[in-house]
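Encoded as structure tokens, the structure appears first; notes follow it.
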Amino acid sequence: MEQVLYYYFNVPIMVDALPMMLQGLGVTILMALTTVLIGVSAGLLLAVARSYPSRLIRWPIIGFVDIFRSLPQLVIIILIYFALPYAGIEFSPFWSTVLGLSLVLAAFAQESFWAGITATHRGQWEAATATGLSHTATVFFVVLPPAIKTSIPSLTNRIIAVTKGTALGSAVAVQELLAHAQSIQSVVANPSPLTLGALLYMAIFAPMVAFSRWLEWRYRWST
């Protein structure tokens, strides 16, 4: 038991590591918020675009969604950071990670919003059309409000799953929480900074998980 405490719960080492770990935590939070903002917004726009009766619009969106739901997040991040420069497109480690995670989140968010849109009763579409509303007006003013409400529980779960991928930024040298934990661990030859990192991740995501559970309960009983 003493060895477990020394190697994984060494308080003096964790206290010394805390300032640098908090810097990494700030980067992690910024990456997560940026990913959510870009990914959810892009997913909503894709779902709206997919509602138009044009195969030229629908099939590329379906292809995009299938690709980025299938590829591992780490593979996407590495391809963006290491492969795109050969095409003359360069992103910093931070933006490579954010872009990779945003693409994945956009694909899953599109599916969540699309499920909400398709769950809308056909009569609502027909009633809106009968009043003279255009397709765009029908989508934004009639279909989207209940569709977004329906999508929220599944979307929050996916947001949590994808934003935890910020830890993958360490693979392209983003100085986020996990990267700092690994760096300090290699210096002190003790994995306690990883334990501290796990606790800080829990401090971020445990409230999000609780909030997601509340949303599931709230919207299940309100529908």
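A note on labels: chains of the structure tokens are A, B, ... as shown, every chain counts residues from 1, and ligands are counted from 1 in their shown order.
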Selection near range 37-47 of chain A, 8 Å with only C-alpha atoms, sequence-local residues under 6 positions removed, as number ranges by chain:
A: 61, 101-111, 113-114
With only C-alpha atoms as the counted atoms, please give the residues lying no more than 10 Å from range 133-146 of chain A, apart from itself and same-chain residues fewer than 6 positions off, as a list of chain:residue names.
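My reading of the contact set: A:Leu44, A:Ala47, A:Val48, A:Ala49, A:Ser51, A:Tyr52, A:Pro53, A:Phe113, A:Trp114, A:Gly116, A:Ile117, A:Thr118, A:Ala119, A:Thr120, A:His121, A:Gln124, A:Trp125, A:Glu126, A:Ala127, A:Thr223.
Put simply, CA of Ala167 in chain A is 18.3 Å away from CA of Pro19 in chain A.
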Tell me, counting only C-alpha atoms, for each residue of range 157-188 of chain A within 12 Å of range 67-87 of chain A, which pair of atoms is nearest and how far apart they are in Å to one decimal, in rows ordered by chain and increasing number, as JSON lines.
{"residue": "A:Arg158", "atom": "CA", "partner": "A:Arg69", "partner_atom": "CA", "distance": 11.3}
{"residue": "A:Ala161", "atom": "CA", "partner": "A:Gln73", "partner_atom": "CA", "distance": 10.9}
{"residue": "A:Val162", "atom": "CA", "partner": "A:Gln73", "partner_atom": "CA", "distance": 8.4}
{"residue": "A:Thr163", "atom": "CA", "partner": "A:Gln73", "partner_atom": "CA", "distance": 10.5}
{"residue": "A:Lys164", "atom": "CA", "partner": "A:Gln73", "partner_atom": "CA", "distance": 10.6}
{"residue": "A:Gly165", "atom": "CA", "partner": "A:Gln73", "partner_atom": "CA", "distance": 7.2}
{"residue": "A:Thr166", "atom": "CA", "partner": "A:Gln73", "partner_atom": "CA", "distance": 9.7}
{"residue": "A:Ala167", "atom": "CA", "partner": "A:Leu74", "partner_atom": "CA", "distance": 9.8}
{"residue": "A:Leu168", "atom": "CA", "partner": "A:Leu74", "partner_atom": "CA", "distance": 6.2}
{"residue": "A:Gly169", "atom": "CA", "partner": "A:Ile77", "partner_atom": "CA", "distance": 7.8}
{"residue": "A:Ser170", "atom": "CA", "partner": "A:Leu74", "partner_atom": "CA", "distance": 10.2}
{"residue": "A:Ala171", "atom": "CA", "partner": "A:Ile78", "partner_atom": "CA", "distance": 7.8}
{"residue": "A:Val172", "atom": "CA", "partner": "A:Ile78", "partner_atom": "CA", "distance": 7.1}
{"residue": "A:Ala173", "atom": "CA", "partner": "A:Tyr81", "partner_atom": "CA", "distance": 10.4}
{"residue": "A:Val174", "atom": "CA", "partner": "A:Tyr81", "partner_atom": "CA", "distance": 11.2}
Could you write out that same residue set with N, CA and C atoms as a PDB file, in the first residue's frame?
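result06.pdb written:
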ATOM      1  N   ARG A 158     -22.384  13.004 -26.740  1.00  0.00           N
ATOM      2  CA  ARG A 158     -21.359  12.972 -27.775  1.00  0.00           C
ATOM      3  C   ARG A 158     -20.342  14.083 -27.566  1.00  0.00           C
ATOM      4  N   ALA A 161     -17.871  12.852 -25.066  1.00  0.00           N
ATOM      5  CA  ALA A 161     -16.992  11.816 -25.629  1.00  0.00           C
ATOM      6  C   ALA A 161     -15.920  12.422 -26.533  1.00  0.00           C
ATOM      7  N   VAL A 162     -16.298  13.394 -27.339  1.00  0.00           N
ATOM      8  CA  VAL A 162     -15.344  13.974 -28.289  1.00  0.00           C
ATOM      9  C   VAL A 162     -14.371  14.925 -27.601  1.00  0.00           C
ATOM     10  N   THR A 163     -14.880  15.764 -26.696  1.00  0.00           N
ATOM     11  CA  THR A 163     -13.991  16.750 -26.076  1.00  0.00           C
ATOM     12  C   THR A 163     -12.953  16.100 -25.161  1.00  0.00           C
ATOM     13  N   LYS A 164     -13.226  14.890 -24.678  1.00  0.00           N
ATOM     14  CA  LYS A 164     -12.181  14.191 -23.926  1.00  0.00           C
ATOM     15  C   LYS A 164     -10.987  13.884 -24.820  1.00  0.00           C
ATOM     16  N   GLY A 165     -11.203  13.935 -26.142  1.00  0.00           N
ATOM     17  CA  GLY A 165     -10.106  13.723 -27.081  1.00  0.00           C
ATOM     18  C   GLY A 165      -9.083  14.838 -27.091  1.00  0.00           C
ATOM     19  N   THR A 166      -9.306  15.907 -26.317  1.00  0.00           N
ATOM     20  CA  THR A 166      -8.285  16.955 -26.224  1.00  0.00           C
ATOM     21  C   THR A 166      -6.958  16.386 -25.725  1.00  0.00           C
ATOM     22  N   ALA A 167      -7.035  15.282 -24.977  1.00  0.00           N
ATOM     23  CA  ALA A 167      -5.805  14.642 -24.498  1.00  0.00           C
ATOM     24  C   ALA A 167      -4.946  14.149 -25.653  1.00  0.00           C
ATOM     25  N   LEU A 168      -5.566  13.916 -26.823  1.00  0.00           N
ATOM     26  CA  LEU A 168      -4.806  13.450 -27.985  1.00  0.00           C
ATOM     27  C   LEU A 168      -3.914  14.542 -28.544  1.00  0.00           C
ATOM     28  N   GLY A 169      -4.149  15.778 -28.132  1.00  0.00           N
ATOM     29  CA  GLY A 169      -3.295  16.870 -28.597  1.00  0.00           C
ATOM     30  C   GLY A 169      -1.845  16.690 -28.199  1.00  0.00           C
ATOM     31  N   SER A 170      -1.600  15.901 -27.162  1.00  0.00           N
ATOM     32  CA  SER A 170      -0.216  15.657 -26.744  1.00  0.00           C
ATOM     33  C   SER A 170       0.579  14.943 -27.836  1.00  0.00           C
ATOM     34  N   ALA A 171      -0.121  14.254 -28.740  1.00  0.00           N
ATOM     35  CA  ALA A 171       0.563  13.536 -29.827  1.00  0.00           C
ATOM     36  C   ALA A 171       1.177  14.487 -30.840  1.00  0.00           C
ATOM     37  N   VAL A 172       0.673  15.737 -30.898  1.00  0.00           N
ATOM     38  CA  VAL A 172       1.233  16.726 -31.822  1.00  0.00           C
ATOM     39  C   VAL A 172       1.803  17.913 -31.051  1.00  0.00           C
ATOM     40  N   ALA A 173       2.209  17.649 -29.809  1.00  0.00           N
ATOM     41  CA  ALA A 173       2.947  18.614 -28.977  1.00  0.00           C
ATOM     42  C   ALA A 173       2.111  19.787 -28.487  1.00  0.00           C
ATOM     43  N   VAL A 174       0.811  19.598 -28.329  1.00  0.00           N
ATOM     44  CA  VAL A 174       0.015  20.634 -27.675  1.00  0.00           C
ATOM     45  C   VAL A 174       0.299  20.556 -26.180  1.00  0.00           C
TER      46      VAL A 174
END
Ranking A:Asn10, A:Gln23, A:Thr28, A:Thr34 by minimum distance to Tyr201 in chain A and counting only C-alpha atoms, which one comes first?
A:Thr28
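With only C-alpha atoms as the basis for measurement, A:Leu5 is the residue among A:Leu25, A:Thr35, A:Leu5, A:Ile62 that approaches Thr195 in chain A most closely.
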Residue contacts of Ser192 in chain A (6 Å, only C-alpha atoms) excluding same-chain residues fewer than 6 positions away, as a VMD selection string
chain A and resid 7 to 10
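For the residues A:Pro12, A:Ala130, A:Ala32, A:Arg50, ranking by smallest atom-to-atom distance to Ile159 in chain A using only C-alpha atoms places A:Ala32 first.
Minimum atom-to-atom distances from A:Leu194, A:Leu178, A:Ala189, A:Leu155 to Leu215 in chain A were compared using only C-alpha atoms, and the lowest value belongs to A:Leu155.
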In range 27-169 of chain A, what's alpha helix (DSSP H) per DSSP? Answer as a short mmCIF file (atom, residue, chain, number, x, y, z; two decimals) with N, CA, C and O atoms, in the first residue's frame?
data_model
loop_
_atom_site.label_atom_id
_atom_site.label_comp_id
_atom_site.auth_asym_id
_atom_site.auth_seq_id
_atom_site.Cartn_x
_atom_site.Cartn_y
_atom_site.Cartn_z
N VAL A 27 -5.38 25.27 -21.19
CA VAL A 27 -5.32 24.97 -22.62
C VAL A 27 -6.37 23.92 -22.97
O VAL A 27 -7.05 24.02 -24.00
N THR A 28 -6.51 22.91 -22.12
CA THR A 28 -7.50 21.85 -22.36
C THR A 28 -8.91 22.42 -22.41
O THR A 28 -9.70 22.08 -23.29
N ILE A 29 -9.23 23.29 -21.46
CA ILE A 29 -10.57 23.88 -21.42
C ILE A 29 -10.81 24.74 -22.66
O ILE A 29 -11.90 24.69 -23.27
N LEU A 30 -9.80 25.52 -23.06
CA LEU A 30 -9.95 26.36 -24.26
C LEU A 30 -10.16 25.51 -25.50
O LEU A 30 -11.02 25.81 -26.35
N MET A 31 -9.41 24.41 -25.61
CA MET A 31 -9.58 23.51 -26.74
C MET A 31 -10.98 22.89 -26.75
O MET A 31 -11.62 22.80 -27.80
N ALA A 32 -11.45 22.49 -25.58
CA ALA A 32 -12.77 21.85 -25.49
C ALA A 32 -13.87 22.83 -25.89
O ALA A 32 -14.77 22.49 -26.66
N LEU A 33 -13.81 24.06 -25.37
CA LEU A 33 -14.84 25.05 -25.68
C LEU A 33 -14.84 25.41 -27.16
O LEU A 33 -15.90 25.54 -27.78
N THR A 34 -13.65 25.58 -27.73
CA THR A 34 -13.55 25.91 -29.15
C THR A 34 -14.07 24.78 -30.01
O THR A 34 -14.78 25.00 -31.01
N THR A 35 -13.75 23.56 -29.63
CA THR A 35 -14.24 22.38 -30.36
C THR A 35 -15.76 22.30 -30.34
O THR A 35 -16.40 22.05 -31.36
N VAL A 36 -16.34 22.53 -29.18
CA VAL A 36 -17.80 22.48 -29.05
C VAL A 36 -18.46 23.56 -29.91
O VAL A 36 -19.43 23.30 -30.62
N LEU A 37 -17.92 24.77 -29.84
CA LEU A 37 -18.50 25.88 -30.60
C LEU A 37 -18.46 25.59 -32.10
O LEU A 37 -19.48 25.75 -32.80
N ILE A 38 -17.31 25.16 -32.61
CA ILE A 38 -17.17 24.91 -34.04
C ILE A 38 -17.95 23.65 -34.44
O ILE A 38 -18.69 23.65 -35.44
N GLY A 39 -17.78 22.57 -33.69
CA GLY A 39 -18.37 21.30 -34.07
C GLY A 39 -19.89 21.31 -34.05
O GLY A 39 -20.53 20.84 -35.00
N VAL A 40 -20.48 21.86 -33.00
CA VAL A 40 -21.94 21.88 -32.90
C VAL A 40 -22.53 22.82 -33.96
O VAL A 40 -23.54 22.48 -34.60
N SER A 41 -21.91 23.97 -34.15
CA SER A 41 -22.40 24.91 -35.16
C SER A 41 -22.34 24.30 -36.56
O SER A 41 -23.31 24.38 -37.33
N ALA A 42 -21.21 23.66 -36.87
CA ALA A 42 -21.07 23.03 -38.19
C ALA A 42 -22.06 21.88 -38.35
O ALA A 42 -22.65 21.70 -39.42
N GLY A 43 -22.26 21.10 -37.29
CA GLY A 43 -23.22 19.99 -37.36
C GLY A 43 -24.64 20.47 -37.60
O GLY A 43 -25.38 19.86 -38.38
N LEU A 44 -25.00 21.57 -36.97
CA LEU A 44 -26.35 22.12 -37.17
C LEU A 44 -26.52 22.62 -38.60
O LEU A 44 -27.56 22.35 -39.24
N LEU A 45 -25.52 23.31 -39.12
CA LEU A 45 -25.60 23.79 -40.50
C LEU A 45 -25.69 22.64 -41.49
O LEU A 45 -26.43 22.70 -42.48
N LEU A 46 -24.93 21.58 -41.24
CA LEU A 46 -24.97 20.41 -42.13
C LEU A 46 -26.34 19.74 -42.09
O LEU A 46 -26.86 19.30 -43.12
N ALA A 47 -26.94 19.65 -40.90
CA ALA A 47 -28.27 19.04 -40.79
C ALA A 47 -29.32 19.85 -41.53
O ALA A 47 -30.19 19.30 -42.21
N VAL A 48 -29.21 21.18 -41.41
CA VAL A 48 -30.14 22.05 -42.14
C VAL A 48 -29.95 21.89 -43.64
O VAL A 48 -30.92 21.76 -44.41
N ALA A 49 -28.69 21.88 -44.08
CA ALA A 49 -28.41 21.74 -45.51
C ALA A 49 -28.91 20.39 -46.03
O ALA A 49 -29.43 20.30 -47.15
N ARG A 50 -28.79 19.37 -45.21
CA ARG A 50 -29.22 18.03 -45.63
C ARG A 50 -30.73 17.94 -45.80
O ARG A 50 -31.23 17.06 -46.53
N ARG A 55 -29.78 15.95 -54.13
CA ARG A 55 -28.76 14.92 -53.94
C ARG A 55 -27.35 15.51 -53.98
O ARG A 55 -26.43 14.97 -53.35
N LEU A 56 -27.17 16.61 -54.71
CA LEU A 56 -25.86 17.25 -54.77
C LEU A 56 -25.44 17.80 -53.41
O LEU A 56 -24.26 18.00 -53.15
N ILE A 57 -26.43 18.07 -52.58
CA ILE A 57 -26.14 18.55 -51.23
C ILE A 57 -26.10 17.38 -50.24
O ILE A 57 -25.19 17.29 -49.41
N ARG A 58 -27.06 16.49 -50.36
CA ARG A 58 -27.20 15.41 -49.38
C ARG A 58 -26.04 14.42 -49.39
O ARG A 58 -25.49 14.08 -48.34
N TRP A 59 -25.68 13.94 -50.59
CA TRP A 59 -24.70 12.86 -50.64
C TRP A 59 -23.32 13.28 -50.14
O TRP A 59 -22.66 12.50 -49.42
N PRO A 60 -22.81 14.49 -50.47
CA PRO A 60 -21.53 14.89 -49.87
C PRO A 60 -21.59 14.98 -48.34
O PRO A 60 -20.62 14.64 -47.66
N ILE A 61 -22.74 15.43 -47.81
CA ILE A 61 -22.88 15.51 -46.35
C ILE A 61 -22.88 14.12 -45.74
O ILE A 61 -22.21 13.88 -44.72
N ILE A 62 -23.62 13.21 -46.35
CA ILE A 62 -23.64 11.83 -45.84
C ILE A 62 -22.25 11.21 -45.90
O ILE A 62 -21.81 10.52 -44.96
N GLY A 63 -21.53 11.47 -47.00
CA GLY A 63 -20.16 10.96 -47.12
C GLY A 63 -19.25 11.53 -46.04
O GLY A 63 -18.46 10.81 -45.42
N PHE A 64 -19.35 12.84 -45.81
CA PHE A 64 -18.56 13.50 -44.76
C PHE A 64 -18.85 12.87 -43.40
O PHE A 64 -17.92 12.54 -42.64
N VAL A 65 -20.12 12.70 -43.10
CA VAL A 65 -20.51 12.14 -41.80
C VAL A 65 -20.00 10.72 -41.63
O VAL A 65 -19.45 10.36 -40.58
N ASP A 66 -20.15 9.91 -42.65
CA ASP A 66 -19.70 8.51 -42.56
C ASP A 66 -18.19 8.42 -42.37
O ASP A 66 -17.70 7.58 -41.61
N ILE A 67 -17.46 9.28 -43.07
CA ILE A 67 -15.99 9.25 -42.98
C ILE A 67 -15.53 9.64 -41.58
O ILE A 67 -14.73 8.93 -40.95
N PHE A 68 -16.04 10.75 -41.07
CA PHE A 68 -15.51 11.26 -39.80
C PHE A 68 -16.13 10.58 -38.58
O PHE A 68 -15.64 10.73 -37.48
N ARG A 69 -17.19 9.81 -38.79
CA ARG A 69 -17.66 8.96 -37.71
C ARG A 69 -16.86 7.66 -37.65
O ARG A 69 -16.85 6.98 -36.63
N SER A 70 -16.21 7.31 -38.74
CA SER A 70 -15.48 6.04 -38.83
C SER A 70 -14.02 6.16 -38.43
O SER A 70 -13.46 5.23 -37.83
N GLN A 73 -10.08 9.57 -33.92
CA GLN A 73 -9.75 10.99 -33.75
C GLN A 73 -8.26 11.25 -33.88
O GLN A 73 -7.84 12.25 -34.49
N LEU A 74 -7.44 10.36 -33.32
CA LEU A 74 -6.00 10.56 -33.37
C LEU A 74 -5.49 10.55 -34.80
O LEU A 74 -4.62 11.34 -35.17
N VAL A 75 -6.03 9.66 -35.62
CA VAL A 75 -5.62 9.59 -37.03
C VAL A 75 -5.93 10.90 -37.74
O VAL A 75 -5.11 11.43 -38.51
N ILE A 76 -7.10 11.46 -37.49
CA ILE A 76 -7.49 12.72 -38.13
C ILE A 76 -6.55 13.85 -37.71
O ILE A 76 -6.09 14.64 -38.54
N ILE A 77 -6.26 13.93 -36.42
CA ILE A 77 -5.37 14.99 -35.92
C ILE A 77 -3.99 14.88 -36.54
O ILE A 77 -3.39 15.87 -36.99
N ILE A 78 -3.45 13.66 -36.59
CA ILE A 78 -2.11 13.46 -37.16
C ILE A 78 -2.09 13.79 -38.65
O ILE A 78 -1.14 14.42 -39.14
N PRO A 93 -0.19 23.08 -33.70
CA PRO A 93 -0.65 21.90 -32.96
C PRO A 93 -2.02 22.12 -32.31
O PRO A 93 -2.86 21.22 -32.32
N PHE A 94 -2.22 23.31 -31.75
CA PHE A 94 -3.49 23.61 -31.11
C PHE A 94 -4.64 23.51 -32.11
O PHE A 94 -5.63 22.82 -31.87
N TRP A 95 -4.50 24.19 -33.25
CA TRP A 95 -5.60 24.22 -34.22
C TRP A 95 -5.73 22.90 -34.98
O TRP A 95 -6.82 22.56 -35.43
N SER A 96 -4.66 22.15 -35.11
CA SER A 96 -4.78 20.82 -35.71
C SER A 96 -5.66 19.92 -34.85
O SER A 96 -6.52 19.20 -35.36
N THR A 97 -5.46 20.00 -33.54
CA THR A 97 -6.27 19.19 -32.63
C THR A 97 -7.72 19.66 -32.61
O THR A 97 -8.65 18.85 -32.70
N VAL A 98 -7.91 20.98 -32.51
CA VAL A 98 -9.27 21.53 -32.48
C VAL A 98 -10.01 21.20 -33.77
O VAL A 98 -11.18 20.79 -33.75
N LEU A 99 -9.33 21.37 -34.91
CA LEU A 99 -9.98 21.09 -36.20
C LEU A 99 -10.35 19.61 -36.32
O LEU A 99 -11.45 19.26 -36.75
N GLY A 100 -9.42 18.74 -35.93
CA GLY A 100 -9.70 17.30 -36.01
C GLY A 100 -10.89 16.90 -35.15
O GLY A 100 -11.79 16.19 -35.59
N LEU A 101 -10.91 17.38 -33.91
CA LEU A 101 -12.02 17.05 -33.01
C LEU A 101 -13.32 17.71 -33.47
O LEU A 101 -14.40 17.11 -33.34
N SER A 102 -13.22 18.91 -34.04
CA SER A 102 -14.42 19.61 -34.51
C SER A 102 -15.07 18.87 -35.68
O SER A 102 -16.30 18.81 -35.78
N LEU A 103 -14.24 18.32 -36.56
CA LEU A 103 -14.78 17.56 -37.68
C LEU A 103 -15.55 16.32 -37.19
O LEU A 103 -16.62 16.00 -37.70
N VAL A 104 -14.97 15.66 -36.21
CA VAL A 104 -15.64 14.49 -35.65
C VAL A 104 -16.93 14.89 -34.95
O VAL A 104 -17.99 14.26 -35.15
N LEU A 105 -16.86 15.94 -34.14
CA LEU A 105 -18.06 16.38 -33.43
C LEU A 105 -19.13 16.87 -34.40
O LEU A 105 -20.32 16.61 -34.19
N ALA A 106 -18.71 17.55 -35.47
CA ALA A 106 -19.68 18.02 -36.47
C ALA A 106 -20.42 16.84 -37.10
O ALA A 106 -21.64 16.91 -37.33
N ALA A 107 -19.70 15.77 -37.37
CA ALA A 107 -20.33 14.59 -37.97
C ALA A 107 -21.37 13.99 -37.03
O ALA A 107 -22.50 13.66 -37.44
N PHE A 108 -21.02 13.83 -35.76
CA PHE A 108 -21.96 13.26 -34.81
C PHE A 108 -23.10 14.22 -34.47
O PHE A 108 -24.25 13.81 -34.29
N ALA A 109 -22.78 15.52 -34.39
CA ALA A 109 -23.82 16.51 -34.11
C ALA A 109 -24.82 16.57 -35.25
O ALA A 109 -26.03 16.69 -35.03
N GLN A 110 -24.33 16.45 -36.49
CA GLN A 110 -25.23 16.44 -37.63
C GLN A 110 -26.21 15.29 -37.52
O GLN A 110 -27.41 15.45 -37.79
N GLU A 111 -25.74 14.12 -37.13
CA GLU A 111 -26.62 12.97 -36.98
C GLU A 111 -27.65 13.19 -35.88
O GLU A 111 -28.81 12.80 -36.02
N SER A 112 -27.23 13.82 -34.78
CA SER A 112 -28.17 14.09 -33.70
C SER A 112 -29.26 15.07 -34.15
O SER A 112 -30.46 14.85 -33.92
N PHE A 113 -28.84 16.16 -34.80
CA PHE A 113 -29.81 17.14 -35.27
C PHE A 113 -30.69 16.56 -36.38
O PHE A 113 -31.89 16.85 -36.44
N TRP A 114 -30.08 15.75 -37.24
CA TRP A 114 -30.85 15.15 -38.33
C TRP A 114 -31.91 14.19 -37.78
O TRP A 114 -33.03 14.14 -38.31
N ALA A 115 -31.58 13.47 -36.73
CA ALA A 115 -32.56 12.59 -36.11
C ALA A 115 -33.73 13.41 -35.56
O ALA A 115 -34.89 13.00 -35.66
N GLY A 116 -33.43 14.57 -35.00
CA GLY A 116 -34.48 15.43 -34.50
C GLY A 116 -35.34 15.99 -35.62
O GLY A 116 -36.56 16.09 -35.50
N ILE A 117 -34.69 16.34 -36.74
CA ILE A 117 -35.43 16.89 -37.88
C ILE A 117 -36.35 15.83 -38.47
O ILE A 117 -37.52 16.09 -38.77
N THR A 118 -35.83 14.64 -38.66
CA THR A 118 -36.64 13.58 -39.27
C THR A 118 -37.74 13.08 -38.33
O THR A 118 -38.71 12.46 -38.79
N ARG A 122 -44.67 14.85 -40.21
CA ARG A 122 -44.82 15.36 -41.58
C ARG A 122 -45.91 16.43 -41.67
O ARG A 122 -45.85 17.34 -42.49
N GLY A 123 -46.90 16.31 -40.80
CA GLY A 123 -47.98 17.29 -40.82
C GLY A 123 -47.50 18.70 -40.54
O GLY A 123 -48.08 19.68 -41.06
N GLN A 124 -46.44 18.84 -39.72
CA GLN A 124 -45.91 20.17 -39.44
C GLN A 124 -45.27 20.78 -40.68
O GLN A 124 -45.41 21.98 -40.94
N TRP A 125 -44.56 19.94 -41.45
CA TRP A 125 -44.00 20.42 -42.71
C TRP A 125 -45.12 20.88 -43.65
O TRP A 125 -45.04 21.97 -44.24
N GLU A 126 -46.14 20.04 -43.78
CA GLU A 126 -47.22 20.36 -44.71
C GLU A 126 -48.00 21.60 -44.27
O GLU A 126 -48.39 22.43 -45.09
N ALA A 127 -48.22 21.74 -42.96
CA ALA A 127 -48.94 22.92 -42.47
C ALA A 127 -48.14 24.19 -42.72
O ALA A 127 -48.70 25.22 -43.11
N ALA A 128 -46.83 24.12 -42.51
CA ALA A 128 -45.99 25.29 -42.73
C ALA A 128 -45.97 25.66 -44.21
O ALA A 128 -46.03 26.85 -44.58
N THR A 129 -45.89 24.66 -45.07
CA THR A 129 -45.90 24.90 -46.51
C THR A 129 -47.23 25.50 -46.95
O THR A 129 -47.28 26.40 -47.81
N ALA A 130 -48.31 25.03 -46.35
CA ALA A 130 -49.64 25.53 -46.71
C ALA A 130 -49.82 27.00 -46.35
O ALA A 130 -50.61 27.71 -46.99
N HIS A 135 -39.04 26.73 -47.68
CA HIS A 135 -38.39 25.59 -47.03
C HIS A 135 -37.46 26.08 -45.92
O HIS A 135 -37.45 25.51 -44.81
N THR A 136 -36.69 27.12 -46.20
CA THR A 136 -35.75 27.64 -45.20
C THR A 136 -36.49 28.15 -43.97
O THR A 136 -36.10 27.87 -42.83
N ALA A 137 -37.56 28.91 -44.18
CA ALA A 137 -38.34 29.43 -43.05
C ALA A 137 -38.98 28.31 -42.26
O ALA A 137 -39.03 28.35 -41.02
N THR A 138 -39.46 27.30 -42.96
CA THR A 138 -40.06 26.15 -42.28
C THR A 138 -39.06 25.45 -41.38
O THR A 138 -39.35 25.11 -40.23
N LEU A 144 -36.77 23.25 -36.55
CA LEU A 144 -35.57 23.23 -35.71
C LEU A 144 -35.83 23.35 -34.21
O LEU A 144 -35.17 22.66 -33.42
N PRO A 145 -36.73 24.24 -33.74
CA PRO A 145 -36.91 24.34 -32.28
C PRO A 145 -37.20 23.01 -31.59
O PRO A 145 -36.48 22.64 -30.65
N PRO A 146 -38.20 22.23 -32.05
CA PRO A 146 -38.41 20.93 -31.39
C PRO A 146 -37.30 19.92 -31.71
O PRO A 146 -36.99 19.05 -30.89
N ALA A 147 -36.70 20.03 -32.91
CA ALA A 147 -35.64 19.10 -33.28
C ALA A 147 -34.41 19.28 -32.39
O ALA A 147 -33.80 18.30 -31.96
N ILE A 148 -34.05 20.53 -32.12
CA ILE A 148 -32.91 20.80 -31.24
C ILE A 148 -33.20 20.29 -29.84
O ILE A 148 -32.34 19.68 -29.20
N LYS A 149 -34.41 20.51 -29.37
CA LYS A 149 -34.80 20.03 -28.04
C LYS A 149 -34.67 18.51 -27.95
O LYS A 149 -34.15 17.97 -26.97
N THR A 150 -35.11 17.84 -28.99
CA THR A 150 -35.02 16.38 -29.01
C THR A 150 -33.58 15.90 -29.07
O THR A 150 -33.23 14.85 -28.51
N SER A 151 -32.72 16.67 -29.72
CA SER A 151 -31.33 16.26 -29.94
C SER A 151 -30.43 16.49 -28.75
O SER A 151 -29.35 15.89 -28.66
N ILE A 152 -30.83 17.33 -27.81
CA ILE A 152 -29.93 17.77 -26.75
C ILE A 152 -29.36 16.61 -25.92
O ILE A 152 -28.14 16.56 -25.71
N PRO A 153 -30.16 15.67 -25.43
CA PRO A 153 -29.55 14.62 -24.58
C PRO A 153 -28.46 13.81 -25.28
O PRO A 153 -27.38 13.62 -24.74
N SER A 154 -28.73 13.33 -26.49
CA SER A 154 -27.72 12.55 -27.21
C SER A 154 -26.53 13.41 -27.60
O SER A 154 -25.39 12.93 -27.61
N LEU A 155 -26.79 14.67 -27.90
CA LEU A 155 -25.71 15.57 -28.32
C LEU A 155 -24.76 15.85 -27.17
O LEU A 155 -23.54 15.89 -27.37
N THR A 156 -25.28 16.05 -25.97
CA THR A 156 -24.40 16.33 -24.84
C THR A 156 -23.50 15.13 -24.53
O THR A 156 -22.32 15.30 -24.20
N ASN A 157 -24.04 13.92 -24.67
CA ASN A 157 -23.20 12.73 -24.47
C ASN A 157 -22.07 12.67 -25.49
O ASN A 157 -20.93 12.33 -25.17
N ARG A 158 -22.38 13.00 -26.74
CA ARG A 158 -21.36 12.97 -27.77
C ARG A 158 -20.34 14.08 -27.57
O ARG A 158 -19.14 13.90 -27.83
N ILE A 159 -20.78 15.23 -27.11
CA ILE A 159 -19.85 16.33 -26.83
C ILE A 159 -18.83 15.91 -25.78
O ILE A 159 -17.63 16.16 -25.92
N ILE A 160 -19.30 15.25 -24.73
CA ILE A 160 -18.38 14.78 -23.69
C ILE A 160 -17.38 13.78 -24.26
O ILE A 160 -16.17 13.87 -24.01
N ALA A 161 -17.87 12.85 -25.07
CA ALA A 161 -16.99 11.82 -25.63
C ALA A 161 -15.92 12.42 -26.53
O ALA A 161 -14.75 12.00 -26.49
N VAL A 162 -16.30 13.39 -27.34
CA VAL A 162 -15.34 13.97 -28.29
C VAL A 162 -14.37 14.92 -27.60
O VAL A 162 -13.17 14.90 -27.87
N THR A 163 -14.88 15.76 -26.70
CA THR A 163 -13.99 16.75 -26.08
C THR A 163 -12.95 16.10 -25.16
O THR A 163 -11.90 16.70 -24.91
#
Pick from A:Glu2, A:Met208, A:Ala17, A:Val11: nearest to Val188 in chain A, with only C-alpha atoms counted?
A:Ala17
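Across the model, the gap from CA of Gly26 in chain A to CA of Asn190 in chain A is 23.2 Å.
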